[in-house]
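K.L.:
Provided herewith is a single structure, encoded as structure tokens, for subsequent inquiry.
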Amino acid sequence: MPRFFVPNEQVTDTEIRILGDDARHIARSLRMAVGDTLTVCDREGTEYTCRLTRIRDEEVCAAIEAAATGCAEPPIHITLYMAYPKGDKLETVVQKAVELGASRIVPFVSSRCIKIPKAEREDAQRARLTRIAEEAAKQCGRTRLPEVGRTLSFSEMLSQGAEAELSLLCYEGEQSLSLKEALSEGLPVHTLSVVVGSEGGFSPEEAAAAREAGFRTVHLGRRILRCETAPTYVLSALSYATEL
């Protein structure tokens with residue numbers, strides 16, 4: 001069944017309005033008709049089963065037939081902080097992070113980033129990543145739309161990330177504490193930050209700054225993972241530890 005996300009103000013007790021690109025997608029691409037059913041999610045995690053009552057290119061209306069709290073969300077709010085990688089790797093990271101349960105994905109710049117995002121392209125890049133996140137959320141049945149944050153500096157990331165109940169930085173130079181051990185000692189929590197580096201990883205100075213800010217530096221095993229693989233690895237481990 002097609003799935004869409006709408007702001008709360010487009011939801012009443014009996015009807016939901018779907019506007020803009022999503023309305024055009026229903027009318028033109030999906031070629032849905034009055035009487036067809038679809039799933040709509042609001043910003044609070046409520047999932048509505050609806051039946052289309054009116055279809056226009058710019059506005060679609062649907063009558064609410066049932067409402068329930070969505071069951072696809074993980075029990076923990078996870079923010080993934082991803083150091084800016086080369087090429088289009090960040091798009092892949094966002095897509096997979098949404099599928100694996102991340103609530104927020106926030107890019108940041110570290111000392112070893114090869115690619116530095118241009119300030120004048122920040123809004124356009126964030127809009128594109130948000131669209132990728134929304135498409136992934138629809139595909140995998142999420143009931144909340146994960147947020148893509150603005151690009152932060154390393155110090156901003158540390159300040160933000162340290163606010164979680166458990167904050168982890170994946171660091172290839174860590175010799176003693178594994179991800180498994182950190183999760184065993186740190187869970188359960190309601191909020192968790194996990195930080196992954198770019199192609200060059202983190203400098204010893206950055207790892208030390210993270211520890212000073214309250215992060216635990218963890219290793220991911222004996223193999224060095226690519227920067228686009230590490231987030232999937234960590235989020236999969238978190239899903240196993242908290243959902244399965």
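The chains in the structure tokens are called A, B, ... from first to last as shown; in each chain the residues are counted from 1, and the ligands are counted from 1 in the order shown.
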So that I can see what lies close to stretch 85-91 of chain A, please list as a ChimeraX atom specification the residues with an atom at most 9 Å from it, counting only C-alpha atoms and leaving out residues fewer than 4 positions away in the same chain.
P.N.:
/A:95-96,107,113-116,128-129,132-133,197-199,227-228
K.L.:
Need to verify the contact set: stretch 43-56 of chain A, 10 Å, only C-alpha atoms, exclusion of same-chain residues closer than 4 positions in sequence. Can you return it as number ranges by chain?
P.N.:
A: 1, 3-9, 11, 14-20, 23-24, 26-28, 31-39, 60-73, 142-146
K.L.:
Dump C-alpha atoms for the selected residues as a compact mmCIF listing (two decimals), in the first residue's frame?
P.N.:
# COMPACT_ATOMS: atom_id res chain seq x y z
CA MET A 1 0.00 0.00 0.00
CA ARG A 3 2.77 5.39 2.13
CA PHE A 4 3.05 9.15 2.60
CA PHE A 5 4.12 11.58 5.33
CA VAL A 6 2.25 14.81 6.09
CA PRO A 7 2.58 17.64 8.63
CA ASN A 8 0.16 17.46 11.55
CA GLU A 9 -1.74 20.53 10.36
CA VAL A 11 -4.68 16.02 9.52
CA THR A 14 -11.85 12.66 9.74
CA GLU A 15 -9.68 13.68 6.78
CA ILE A 16 -6.09 14.11 5.60
CA ARG A 17 -4.92 16.49 2.88
CA ILE A 18 -1.86 15.56 0.80
CA LEU A 19 -0.29 18.46 -1.09
CA GLY A 20 2.39 19.32 -3.65
CA ALA A 23 -0.35 14.84 -4.55
CA ARG A 24 1.06 14.91 -8.08
CA ILE A 26 -0.66 10.04 -6.47
CA ALA A 27 -2.51 11.60 -9.38
CA ARG A 28 0.01 11.20 -12.20
CA ARG A 31 -2.64 6.94 -11.17
CA MET A 32 -4.67 6.21 -8.09
CA ALA A 33 -8.43 6.68 -8.17
CA VAL A 34 -11.13 7.80 -5.76
CA GLY A 35 -11.85 4.86 -3.49
CA ASP A 36 -8.27 3.52 -3.46
CA THR A 37 -6.59 3.08 -0.07
CA LEU A 38 -3.23 4.34 1.15
CA THR A 39 -1.26 4.78 4.37
CA VAL A 60 -5.48 15.02 -2.64
CA CYS A 61 -8.03 14.37 0.12
CA ALA A 62 -8.48 11.08 1.92
CA ALA A 63 -11.00 9.97 4.54
CA ILE A 64 -9.51 8.37 7.65
CA GLU A 65 -10.75 4.82 8.15
CA ALA A 66 -8.42 3.70 10.94
CA ALA A 67 -5.59 5.10 13.05
CA ALA A 68 -2.96 3.35 15.13
CA THR A 69 0.42 4.03 16.69
CA GLY A 70 3.07 2.81 14.27
CA CYS A 71 5.07 -0.27 15.29
CA ALA A 72 8.02 0.09 12.91
CA GLU A 73 10.03 2.59 14.96
CA ARG A 142 8.78 3.88 8.94
CA THR A 143 6.07 5.84 10.76
CA ARG A 144 8.26 8.81 11.63
CA LEU A 145 10.23 10.75 9.05
CA PRO A 146 13.92 10.87 10.08
K.L.:
Excluding same-chain residues fewer than 6 positions from stretch 160-173 of chain A, what lies within 8 Å of it counting only C-alpha atoms, as a PyMOL selection string?
P.N.:
chain A and resi 79+81+186+189-197+201-202+204+207+210+213-220+224
K.L.:
Just the selected residues (N, CA and C atoms), exported as a PDB file, in the first residue's frame, please.
P.N.:
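Output saved as out12.pdb:
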ATOM      1  N   THR A  79      20.902   9.101  16.837  1.00  0.00           N
ATOM      2  CA  THR A  79      21.414  10.113  15.927  1.00  0.00           C
ATOM      3  C   THR A  79      22.748   9.643  15.376  1.00  0.00           C
ATOM      4  N   TYR A  81      25.974  10.675  13.436  1.00  0.00           N
ATOM      5  CA  TYR A  81      26.805  11.792  12.977  1.00  0.00           C
ATOM      6  C   TYR A  81      27.836  11.220  12.010  1.00  0.00           C
ATOM      7  N   GLY A 186      26.342   0.017  28.334  1.00  0.00           N
ATOM      8  CA  GLY A 186      25.616   1.289  28.268  1.00  0.00           C
ATOM      9  C   GLY A 186      24.120   1.197  28.094  1.00  0.00           C
ATOM     10  N   VAL A 189      19.129   2.645  27.060  1.00  0.00           N
ATOM     11  CA  VAL A 189      18.997   4.099  27.112  1.00  0.00           C
ATOM     12  C   VAL A 189      17.876   4.491  26.160  1.00  0.00           C
ATOM     13  N   HIS A 190      17.431   5.746  26.249  1.00  0.00           N
ATOM     14  CA  HIS A 190      16.423   6.247  25.328  1.00  0.00           C
ATOM     15  C   HIS A 190      17.039   7.002  24.153  1.00  0.00           C
ATOM     16  N   THR A 191      18.229   7.587  24.366  1.00  0.00           N
ATOM     17  CA  THR A 191      18.879   8.363  23.306  1.00  0.00           C
ATOM     18  C   THR A 191      20.320   7.938  23.172  1.00  0.00           C
ATOM     19  N   LEU A 192      20.778   7.852  21.911  1.00  0.00           N
ATOM     20  CA  LEU A 192      22.150   7.413  21.650  1.00  0.00           C
ATOM     21  C   LEU A 192      22.704   8.177  20.455  1.00  0.00           C
ATOM     22  N   SER A 193      23.944   8.623  20.583  1.00  0.00           N
ATOM     23  CA  SER A 193      24.666   9.253  19.469  1.00  0.00           C
ATOM     24  C   SER A 193      25.783   8.312  19.036  1.00  0.00           C
ATOM     25  N   VAL A 194      25.938   8.156  17.723  1.00  0.00           N
ATOM     26  CA  VAL A 194      27.053   7.370  17.205  1.00  0.00           C
ATOM     27  C   VAL A 194      27.736   8.183  16.113  1.00  0.00           C
ATOM     28  N   VAL A 195      29.055   8.255  16.180  1.00  0.00           N
ATOM     29  CA  VAL A 195      29.848   9.095  15.281  1.00  0.00           C
ATOM     30  C   VAL A 195      30.750   8.209  14.437  1.00  0.00           C
ATOM     31  N   VAL A 196      30.709   8.452  13.126  1.00  0.00           N
ATOM     32  CA  VAL A 196      31.529   7.682  12.180  1.00  0.00           C
ATOM     33  C   VAL A 196      32.367   8.650  11.364  1.00  0.00           C
ATOM     34  N   GLY A 197      33.615   8.283  11.108  1.00  0.00           N
ATOM     35  CA  GLY A 197      34.524   9.157  10.386  1.00  0.00           C
ATOM     36  C   GLY A 197      34.420   9.028   8.875  1.00  0.00           C
ATOM     37  N   GLY A 201      39.297   8.579   8.656  1.00  0.00           N
ATOM     38  CA  GLY A 201      39.080   8.314  10.073  1.00  0.00           C
ATOM     39  C   GLY A 201      39.250   9.567  10.917  1.00  0.00           C
ATOM     40  N   PHE A 202      39.645   9.383  12.176  1.00  0.00           N
ATOM     41  CA  PHE A 202      39.826  10.505  13.098  1.00  0.00           C
ATOM     42  C   PHE A 202      41.282  10.589  13.540  1.00  0.00           C
ATOM     43  N   PRO A 204      44.217  11.323  16.439  1.00  0.00           N
ATOM     44  CA  PRO A 204      44.269  11.066  17.886  1.00  0.00           C
ATOM     45  C   PRO A 204      43.762  12.250  18.700  1.00  0.00           C
ATOM     46  N   ALA A 207      39.961  12.116  18.703  1.00  0.00           N
ATOM     47  CA  ALA A 207      39.491  11.056  19.605  1.00  0.00           C
ATOM     48  C   ALA A 207      39.600  11.499  21.058  1.00  0.00           C
ATOM     49  N   ALA A 210      36.871  13.928  21.852  1.00  0.00           N
ATOM     50  CA  ALA A 210      35.589  13.235  22.014  1.00  0.00           C
ATOM     51  C   ALA A 210      35.481  12.623  23.402  1.00  0.00           C
ATOM     52  N   ALA A 213      34.747  15.190  25.906  1.00  0.00           N
ATOM     53  CA  ALA A 213      33.372  15.687  25.812  1.00  0.00           C
ATOM     54  C   ALA A 213      32.360  14.696  26.372  1.00  0.00           C
ATOM     55  N   GLY A 214      32.797  13.468  26.675  1.00  0.00           N
ATOM     56  CA  GLY A 214      31.897  12.481  27.255  1.00  0.00           C
ATOM     57  C   GLY A 214      31.593  11.296  26.365  1.00  0.00           C
ATOM     58  N   PHE A 215      32.221  11.230  25.200  1.00  0.00           N
ATOM     59  CA  PHE A 215      32.031  10.093  24.304  1.00  0.00           C
ATOM     60  C   PHE A 215      32.871   8.903  24.762  1.00  0.00           C
ATOM     61  N   ARG A 216      32.422   7.717  24.401  1.00  0.00           N
ATOM     62  CA  ARG A 216      33.235   6.518  24.544  1.00  0.00           C
ATOM     63  C   ARG A 216      33.737   6.155  23.153  1.00  0.00           C
ATOM     64  N   THR A 217      35.033   6.014  22.995  1.00  0.00           N
ATOM     65  CA  THR A 217      35.578   5.587  21.709  1.00  0.00           C
ATOM     66  C   THR A 217      35.554   4.061  21.652  1.00  0.00           C
ATOM     67  N   VAL A 218      35.077   3.524  20.517  1.00  0.00           N
ATOM     68  CA  VAL A 218      34.912   2.073  20.387  1.00  0.00           C
ATOM     69  C   VAL A 218      35.540   1.602  19.088  1.00  0.00           C
ATOM     70  N   HIS A 219      35.987   0.350  19.083  1.00  0.00           N
ATOM     71  CA  HIS A 219      36.447  -0.247  17.825  1.00  0.00           C
ATOM     72  C   HIS A 219      35.372  -1.183  17.295  1.00  0.00           C
ATOM     73  N   LEU A 220      35.430  -1.462  15.988  1.00  0.00           N
ATOM     74  CA  LEU A 220      34.410  -2.264  15.315  1.00  0.00           C
ATOM     75  C   LEU A 220      34.930  -3.627  14.897  1.00  0.00           C
ATOM     76  N   ILE A 224      39.178  -3.147   9.086  1.00  0.00           N
ATOM     77  CA  ILE A 224      38.928  -1.735   8.844  1.00  0.00           C
ATOM     78  C   ILE A 224      37.795  -1.620   7.826  1.00  0.00           C
TER      79      ILE A 224
END
K.L.:
Going by DSSP on the backbone, which residues of stretch 69-140 of chain A come out as alpha helix (DSSP H)? List them as a ChimeraX atom specification.
P.N.:
/A:89-99,122-140
K.L.:
Just the selected residues (N, CA and C atoms), exported as a compact mmCIF listing (two decimals), in the first residue's frame, please.
P.N.:
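Once everything was written out, this is result22.txt:
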# COMPACT_ATOMS: atom_id res chain seq x y z
N LYS A 89 28.61 9.16 -1.50
CA LYS A 89 28.50 8.16 -0.43
C LYS A 89 27.51 8.57 0.65
N LEU A 90 27.42 9.88 0.91
CA LEU A 90 26.52 10.33 1.96
C LEU A 90 25.08 9.99 1.63
N GLU A 91 24.73 9.99 0.36
CA GLU A 91 23.37 9.63 -0.04
C GLU A 91 23.07 8.18 0.32
N THR A 92 24.04 7.31 0.08
CA THR A 92 23.88 5.90 0.44
C THR A 92 23.78 5.73 1.94
N VAL A 93 24.61 6.46 2.67
CA VAL A 93 24.59 6.38 4.13
C VAL A 93 23.22 6.81 4.67
N VAL A 94 22.68 7.90 4.16
CA VAL A 94 21.37 8.37 4.62
C VAL A 94 20.30 7.32 4.34
N GLN A 95 20.29 6.79 3.14
CA GLN A 95 19.28 5.79 2.77
C GLN A 95 19.33 4.58 3.70
N LYS A 96 20.51 4.03 3.89
CA LYS A 96 20.64 2.82 4.72
C LYS A 96 20.39 3.12 6.19
N ALA A 97 20.80 4.30 6.65
CA ALA A 97 20.58 4.67 8.05
C ALA A 97 19.10 4.76 8.36
N VAL A 98 18.32 5.30 7.44
CA VAL A 98 16.87 5.38 7.63
C VAL A 98 16.28 3.97 7.71
N GLU A 99 16.68 3.10 6.80
CA GLU A 99 16.18 1.73 6.79
C GLU A 99 16.51 1.00 8.09
N GLU A 122 24.66 24.19 0.70
CA GLU A 122 24.16 23.49 1.88
C GLU A 122 22.65 23.23 1.80
N ASP A 123 21.87 24.25 1.47
CA ASP A 123 20.41 24.09 1.46
C ASP A 123 19.97 23.08 0.40
N ALA A 124 20.57 23.16 -0.79
CA ALA A 124 20.20 22.24 -1.87
C ALA A 124 20.59 20.81 -1.52
N GLN A 125 21.78 20.64 -0.96
CA GLN A 125 22.25 19.30 -0.59
C GLN A 125 21.37 18.71 0.52
N ARG A 126 21.03 19.53 1.50
CA ARG A 126 20.20 19.03 2.59
C ARG A 126 18.80 18.66 2.09
N ALA A 127 18.28 19.46 1.16
CA ALA A 127 16.96 19.14 0.58
C ALA A 127 17.00 17.80 -0.16
N ARG A 128 18.07 17.56 -0.90
CA ARG A 128 18.20 16.30 -1.62
C ARG A 128 18.30 15.12 -0.65
N LEU A 129 19.10 15.26 0.39
CA LEU A 129 19.24 14.19 1.37
C LEU A 129 17.93 13.94 2.11
N THR A 130 17.17 15.00 2.35
CA THR A 130 15.86 14.85 3.00
C THR A 130 14.91 14.06 2.12
N ARG A 131 14.95 14.32 0.81
CA ARG A 131 14.10 13.56 -0.11
C ARG A 131 14.50 12.08 -0.11
N ILE A 132 15.81 11.82 -0.08
CA ILE A 132 16.29 10.43 -0.04
C ILE A 132 15.82 9.76 1.24
N ALA A 133 15.90 10.48 2.36
CA ALA A 133 15.44 9.94 3.63
C ALA A 133 13.94 9.63 3.59
N GLU A 134 13.17 10.52 2.98
CA GLU A 134 11.72 10.30 2.92
C GLU A 134 11.38 9.10 2.05
N GLU A 135 12.05 8.96 0.92
CA GLU A 135 11.79 7.81 0.06
C GLU A 135 12.16 6.50 0.77
N ALA A 136 13.28 6.51 1.50
CA ALA A 136 13.68 5.31 2.24
C ALA A 136 12.67 4.99 3.34
N ALA A 137 12.17 6.04 4.00
CA ALA A 137 11.19 5.84 5.08
C ALA A 137 9.90 5.24 4.54
N LYS A 138 9.48 5.71 3.36
CA LYS A 138 8.28 5.15 2.73
C LYS A 138 8.50 3.68 2.38
N GLN A 139 9.65 3.40 1.78
CA GLN A 139 9.92 2.04 1.30
C GLN A 139 9.97 1.03 2.44
N CYS A 140 10.56 1.41 3.57
CA CYS A 140 10.78 0.43 4.64
C CYS A 140 9.69 0.47 5.70
K.L.:
May I have all residues of stretch 104-169 of chain A that DSSP, computed from the backbone, assigns to strand (DSSP E or B), given as a PyMOL selection string?
P.N.:
chain A and resi 104-109+147-148+152-153+166-169
K.L.:
Create the file for the chosen residues now, containing C-alpha atoms and written as an mmCIF file, in the first residue's frame.
P.N.:
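Dumped everything to part_9.cif:
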data_model
loop_
_atom_site.group_PDB
_atom_site.id
_atom_site.type_symbol
_atom_site.label_atom_id
_atom_site.label_comp_id
_atom_site.auth_asym_id
_atom_site.auth_seq_id
_atom_site.Cartn_x
_atom_site.Cartn_y
_atom_site.Cartn_z
ATOM 1 C CA ARG A 104 18.490 11.740 12.750
ATOM 2 C CA ILE A 105 21.425 11.842 10.357
ATOM 3 C CA VAL A 106 23.780 14.788 10.800
ATOM 4 C CA PRO A 107 26.823 15.388 8.571
ATOM 5 C CA PHE A 108 29.869 17.147 9.989
ATOM 6 C CA VAL A 109 33.382 18.138 8.971
ATOM 7 C CA GLU A 147 15.576 14.277 10.037
ATOM 8 C CA VAL A 148 18.672 15.250 8.075
ATOM 9 C CA LEU A 152 28.231 20.876 11.691
ATOM 10 C CA SER A 153 31.812 21.581 12.606
ATOM 11 C CA LEU A 166 25.100 7.193 25.474
ATOM 12 C CA SER A 167 27.571 8.722 23.008
ATOM 13 C CA LEU A 168 29.933 6.585 20.943
ATOM 14 C CA LEU A 169 32.689 7.492 18.495
#
